[in-house]
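The next block holds one structure in the form of structure tokens; read it before the comments.
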Amino acid sequence: MQYQLSRAVIGPFLRTIGRPKVVGEQNIPAEGPAILASNHLSFIDSIYLPLMIDRPVVFPAKSEYFAAKGPLGRLWAAYLRSTNQLEMDREGARSAQATLEAAVEILRAGELFGFYPEGTRSPDGRLYRGRSGIGYLALNSGAPVIPVAMMGTRKMLPPGAPVPRPTRIEIRVGKPLEFGHLAGEPPARARRTPPTR
């Protein structure tokens, strides 16, 4: 209920300034778990992707966002809480592992989980090498990985910008990649085995 209410409140404004378009939404399953693996250009990626998908999406969000100050920061924190986003403490390897384990439980419950394989926002808009967290999620949950490309969000709200500016947003969703057959395999063997398409 809170999720739908948040979309109803903030959705019209975001649609007006972003005129968002989704290509390939049919690749997201109507039910069951899936990992939406996206590039990360701006913190509003975590707003636009859930806004444009019919199913709720849980994203990990760093703990600083939940305690943000100022009008925009407080609005963002309220949105994160109302949509049940996963608070993430990025201090230390143990905290990162706890976040991954919580994400696996979310996937095992049949939900969609949004994930940024690069681990943080791109400093210049280019795509960088992914980290091992995405592999951990896929191998331990059995959920398919769905590649997502966010376009235009960095132009709308680049790092350090105080307010968003009108820019066309496009989201491209690729076909699911299945890795369930690798569950339980040693990491080295799993890395050598190509994904099925």
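Each chain in the structure tokens gets a letter, A, B and so on, in the order shown; residues start at 1 in every chain, and ligands are counted from 1 in the order they appear.
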
Exercise. Where does DSSP see strand (DSSP E or B) in chain A, if you list the residues as a PyMOL selection string?
Worked result: chain A and resi 21-23+34-38+57-58+60-62+86-88+112-115+145-151+170-173+177-178+196

Closest atom pairs, residues of stretch 9-36 of chain A within 10 Å of stretch 46-55 of chain A, only C-alpha atoms, as JSON lines:
```
{"residue": "A:Ile10", "atom": "CA", "partner": "A:Leu51", "partner_atom": "CA", "distance": 9.0}
{"residue": "A:Gly11", "atom": "CA", "partner": "A:Leu51", "partner_atom": "CA", "distance": 6.8}
{"residue": "A:Leu14", "atom": "CA", "partner": "A:Tyr48", "partner_atom": "CA", "distance": 7.8}
{"residue": "A:Arg15", "atom": "CA", "partner": "A:Tyr48", "partner_atom": "CA", "distance": 9.0}
{"residue": "A:Gly18", "atom": "CA", "partner": "A:Tyr48", "partner_atom": "CA", "distance": 8.9}
{"residue": "A:Pro20", "atom": "CA", "partner": "A:Met52", "partner_atom": "CA", "distance": 7.7}
{"residue": "A:Lys21", "atom": "CA", "partner": "A:Met52", "partner_atom": "CA", "distance": 8.1}
{"residue": "A:Val22", "atom": "CA", "partner": "A:Met52", "partner_atom": "CA", "distance": 7.2}
{"residue": "A:Glu25", "atom": "CA", "partner": "A:Ile53", "partner_atom": "CA", "distance": 7.5}
{"residue": "A:Ile28", "atom": "CA", "partner": "A:Ile53", "partner_atom": "CA", "distance": 8.6}
{"residue": "A:Pro29", "atom": "CA", "partner": "A:Arg55", "partner_atom": "CA", "distance": 9.2}
{"residue": "A:Ala30", "atom": "CA", "partner": "A:Arg55", "partner_atom": "CA", "distance": 7.6}
{"residue": "A:Glu31", "atom": "CA", "partner": "A:Arg55", "partner_atom": "CA", "distance": 8.3}
{"residue": "A:Leu36", "atom": "CA", "partner": "A:Leu49", "partner_atom": "CA", "distance": 9.4}
```

Write the residues you've just listed into a file as a compact mmCIF listing (two decimals), in the first residue's frame, and include all heavy atoms for each of them.
```
# COMPACT_ATOMS: atom_id res chain seq x y z
N ILE A 10 4.77 10.77 -6.05
CA ILE A 10 5.96 11.29 -6.72
C ILE A 10 5.96 11.03 -8.22
O ILE A 10 6.63 11.71 -8.99
CB ILE A 10 7.23 10.70 -6.08
CG1 ILE A 10 8.45 11.57 -6.42
CG2 ILE A 10 7.45 9.25 -6.50
CD1 ILE A 10 9.71 11.16 -5.67
N GLY A 11 5.14 10.05 -8.65
CA GLY A 11 5.13 9.64 -10.05
C GLY A 11 4.83 10.73 -11.05
O GLY A 11 5.57 10.91 -12.03
N LEU A 14 7.84 13.04 -11.58
CA LEU A 14 8.96 12.38 -12.26
C LEU A 14 8.65 12.11 -13.74
O LEU A 14 9.53 12.22 -14.59
CB LEU A 14 9.30 11.07 -11.55
CG LEU A 14 9.88 11.22 -10.14
CD1 LEU A 14 10.03 9.85 -9.49
CD2 LEU A 14 11.23 11.93 -10.19
N ARG A 15 7.42 11.77 -14.02
CA ARG A 15 7.05 11.53 -15.42
C ARG A 15 7.08 12.83 -16.22
O ARG A 15 7.43 12.83 -17.41
CB ARG A 15 5.65 10.90 -15.48
CG ARG A 15 5.61 9.46 -14.98
CD ARG A 15 4.20 8.91 -15.00
NE ARG A 15 4.10 7.60 -14.39
CZ ARG A 15 4.36 6.45 -15.00
NH1 ARG A 15 4.73 6.46 -16.27
NH2 ARG A 15 4.25 5.31 -14.37
N GLY A 18 10.91 13.77 -16.66
CA GLY A 18 11.74 12.76 -17.31
C GLY A 18 11.17 12.14 -18.56
O GLY A 18 11.90 11.54 -19.34
N PRO A 20 9.78 9.37 -19.09
CA PRO A 20 10.48 8.09 -19.17
C PRO A 20 9.85 7.10 -20.15
O PRO A 20 8.63 7.05 -20.32
CB PRO A 20 10.42 7.56 -17.74
CG PRO A 20 9.22 8.24 -17.15
CD PRO A 20 9.15 9.59 -17.78
N LYS A 21 10.73 6.32 -20.75
CA LYS A 21 10.33 5.29 -21.71
C LYS A 21 11.04 3.99 -21.34
O LYS A 21 12.22 4.01 -20.99
CB LYS A 21 10.72 5.73 -23.13
CG LYS A 21 10.51 4.66 -24.20
CD LYS A 21 11.05 5.16 -25.54
CE LYS A 21 10.93 4.09 -26.63
NZ LYS A 21 11.52 4.55 -27.91
N VAL A 22 10.31 2.89 -21.39
CA VAL A 22 10.89 1.57 -21.09
C VAL A 22 10.86 0.72 -22.35
O VAL A 22 9.82 0.61 -23.01
CB VAL A 22 10.13 0.86 -19.96
CG1 VAL A 22 10.77 -0.50 -19.66
CG2 VAL A 22 10.10 1.72 -18.70
N GLU A 25 10.28 -4.20 -21.30
CA GLU A 25 9.69 -4.51 -20.00
C GLU A 25 9.14 -5.93 -19.94
O GLU A 25 9.05 -6.53 -18.87
CB GLU A 25 8.58 -3.51 -19.67
CG GLU A 25 8.04 -3.65 -18.26
CD GLU A 25 7.00 -2.59 -17.91
OE1 GLU A 25 6.64 -1.80 -18.79
OE2 GLU A 25 6.57 -2.56 -16.75
N ILE A 28 10.87 -8.74 -17.87
CA ILE A 28 10.77 -8.86 -16.41
C ILE A 28 9.61 -9.80 -16.09
O ILE A 28 8.48 -9.56 -16.53
CB ILE A 28 10.54 -7.49 -15.77
CG1 ILE A 28 11.73 -6.57 -16.06
CG2 ILE A 28 10.36 -7.63 -14.25
CD1 ILE A 28 11.55 -5.15 -15.57
N PRO A 29 9.83 -10.88 -15.34
CA PRO A 29 8.76 -11.84 -15.07
C PRO A 29 7.63 -11.21 -14.25
O PRO A 29 7.86 -10.33 -13.42
CB PRO A 29 9.46 -12.94 -14.27
CG PRO A 29 10.66 -12.28 -13.68
CD PRO A 29 11.09 -11.25 -14.67
N ALA A 30 6.41 -11.67 -14.50
CA ALA A 30 5.24 -11.15 -13.79
C ALA A 30 5.24 -11.58 -12.33
O ALA A 30 4.61 -10.93 -11.49
CB ALA A 30 3.97 -11.62 -14.48
N GLU A 31 5.94 -12.67 -12.03
CA GLU A 31 6.05 -13.13 -10.65
C GLU A 31 7.35 -13.90 -10.48
O GLU A 31 7.99 -14.27 -11.47
CB GLU A 31 4.85 -14.00 -10.27
CG GLU A 31 4.69 -15.22 -11.14
CD GLU A 31 3.44 -16.02 -10.79
OE1 GLU A 31 2.53 -15.47 -10.16
OE2 GLU A 31 3.40 -17.21 -11.14
N LEU A 36 17.64 -7.40 -11.04
CA LEU A 36 17.74 -6.37 -12.07
C LEU A 36 19.12 -5.74 -11.94
O LEU A 36 19.38 -4.95 -11.02
CB LEU A 36 16.65 -5.32 -11.90
CG LEU A 36 15.21 -5.85 -11.89
CD1 LEU A 36 14.22 -4.70 -11.77
CD2 LEU A 36 14.92 -6.68 -13.14
```

For this session: One decimal, Å: what's the distance from atom CA of A:Met151 over to atom CA of A:Leu107, could you say?
Result: 25.8 Å

For this session: Could you give me, as a PyMOL selection string, each residue of stretch 101-190 of chain A that DSSP assigns to helix (DSSP H, G or I) when run on this structure's backbone?
Result: chain A and resi 101-108+133-141+153-156+180-182+187-190

For this session: Point out the residue among A:Thr99, A:Asn27, A:Thr153, A:Ser132 with the least atom-to-atom distance to A:Gln85, counting only C-alpha atoms.
Result: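 Between A:Thr99, A:Asn27, A:Thr153, A:Ser132, the residue approaching A:Gln85 most closely is A:Thr99.
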
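In this comparison, which uses only C-alpha atoms, the residue of A:Ser63, A:Gly73, A:Leu182, A:Arg129 approaching A:Ala143 most closely is A:Leu182.
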
Exercise. Which residue out of A:Arg74, A:Lys175, A:Arg154, A:Arg94 has the minimum interatomic distance to A:Val23 when only C-alpha atoms are used?
Worked result: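 For A:Val23, the nearest of the given residues is A:Lys175.
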
Problem set entry | Within 12 Å of A:Ile44 using only C-alpha atoms, minus same-chain residues under 6 positions, as a list of chain:residue names | A:Leu14, A:Gly18, A:Pro50, A:Leu51, A:Phe59, A:Ala61, A:Tyr65, A:Leu72, A:Gly73, A:Trp76, A:Tyr79, A:Leu80, A:Arg121, A:Met150, A:Met151, A:Gly152, A:Thr153, A:Arg154, A:Lys155, A:Met156, A:Leu157, A:Pro158, A:Pro159, A:Ala161, A:Val163, A:Pro164, A:Arg165, A:Ile169

Go ahead and save the residues from that selection, with C-alpha atoms, as a short mmCIF file (atom, residue, chain, number, x, y, z; two decimals), in the first residue's frame.
```
data_model
loop_
_atom_site.label_atom_id
_atom_site.label_comp_id
_atom_site.auth_asym_id
_atom_site.auth_seq_id
_atom_site.Cartn_x
_atom_site.Cartn_y
_atom_site.Cartn_z
CA LEU A 14 8.96 12.38 -12.26
CA GLY A 18 11.74 12.76 -17.31
CA PRO A 50 10.92 1.09 -9.67
CA LEU A 51 8.60 3.83 -10.91
CA PHE A 59 17.24 -1.70 -3.93
CA ALA A 61 20.56 2.10 -0.39
CA TYR A 65 20.48 8.36 2.48
CA LEU A 72 15.21 16.98 -1.06
CA GLY A 73 17.19 14.69 1.25
CA TRP A 76 14.32 10.92 -0.59
CA TYR A 79 10.59 7.50 -0.19
CA LEU A 80 13.20 4.87 0.72
CA ARG A 121 27.84 5.42 -9.18
CA MET A 150 19.61 3.44 -17.48
CA MET A 151 19.98 6.37 -19.86
CA GLY A 152 19.61 10.09 -19.17
CA THR A 153 19.58 10.01 -15.37
CA ARG A 154 23.10 11.40 -15.03
CA LYS A 155 22.17 14.33 -17.27
CA MET A 156 19.04 14.95 -15.19
CA LEU A 157 20.85 14.85 -11.84
CA PRO A 158 24.66 14.68 -12.07
CA PRO A 159 26.70 14.18 -8.88
CA ALA A 161 23.57 18.89 -8.48
CA VAL A 163 17.86 19.68 -8.03
CA PRO A 164 16.93 17.59 -11.09
CA ARG A 165 16.47 19.22 -14.48
CA ILE A 169 14.92 9.13 -19.43
#
```

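Computed from the coordinates, the atom CA of A:Arg131 to atom CA of A:Ser42 distance equals 18.4 Å.
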
Problem set entry | Shortest interatomic distance to A:Ala77 - which of A:Lys62, A:His40, A:Arg126, A:Arg172, counting only C-alpha atoms |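 When distances to A:Ala77 are compared using only C-alpha atoms, the smallest one comes from A:Lys62.
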
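Picture a line from atom CA of A:Leu137 to atom CA of A:Leu100; it runs 6.8 Å.
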
For this session: Find, counting only C-alpha atoms, the residue in A:Leu75, A:Val173, A:Glu64, A:Glu101 that gets nearest to A:Glu87.
Result: A:Glu64
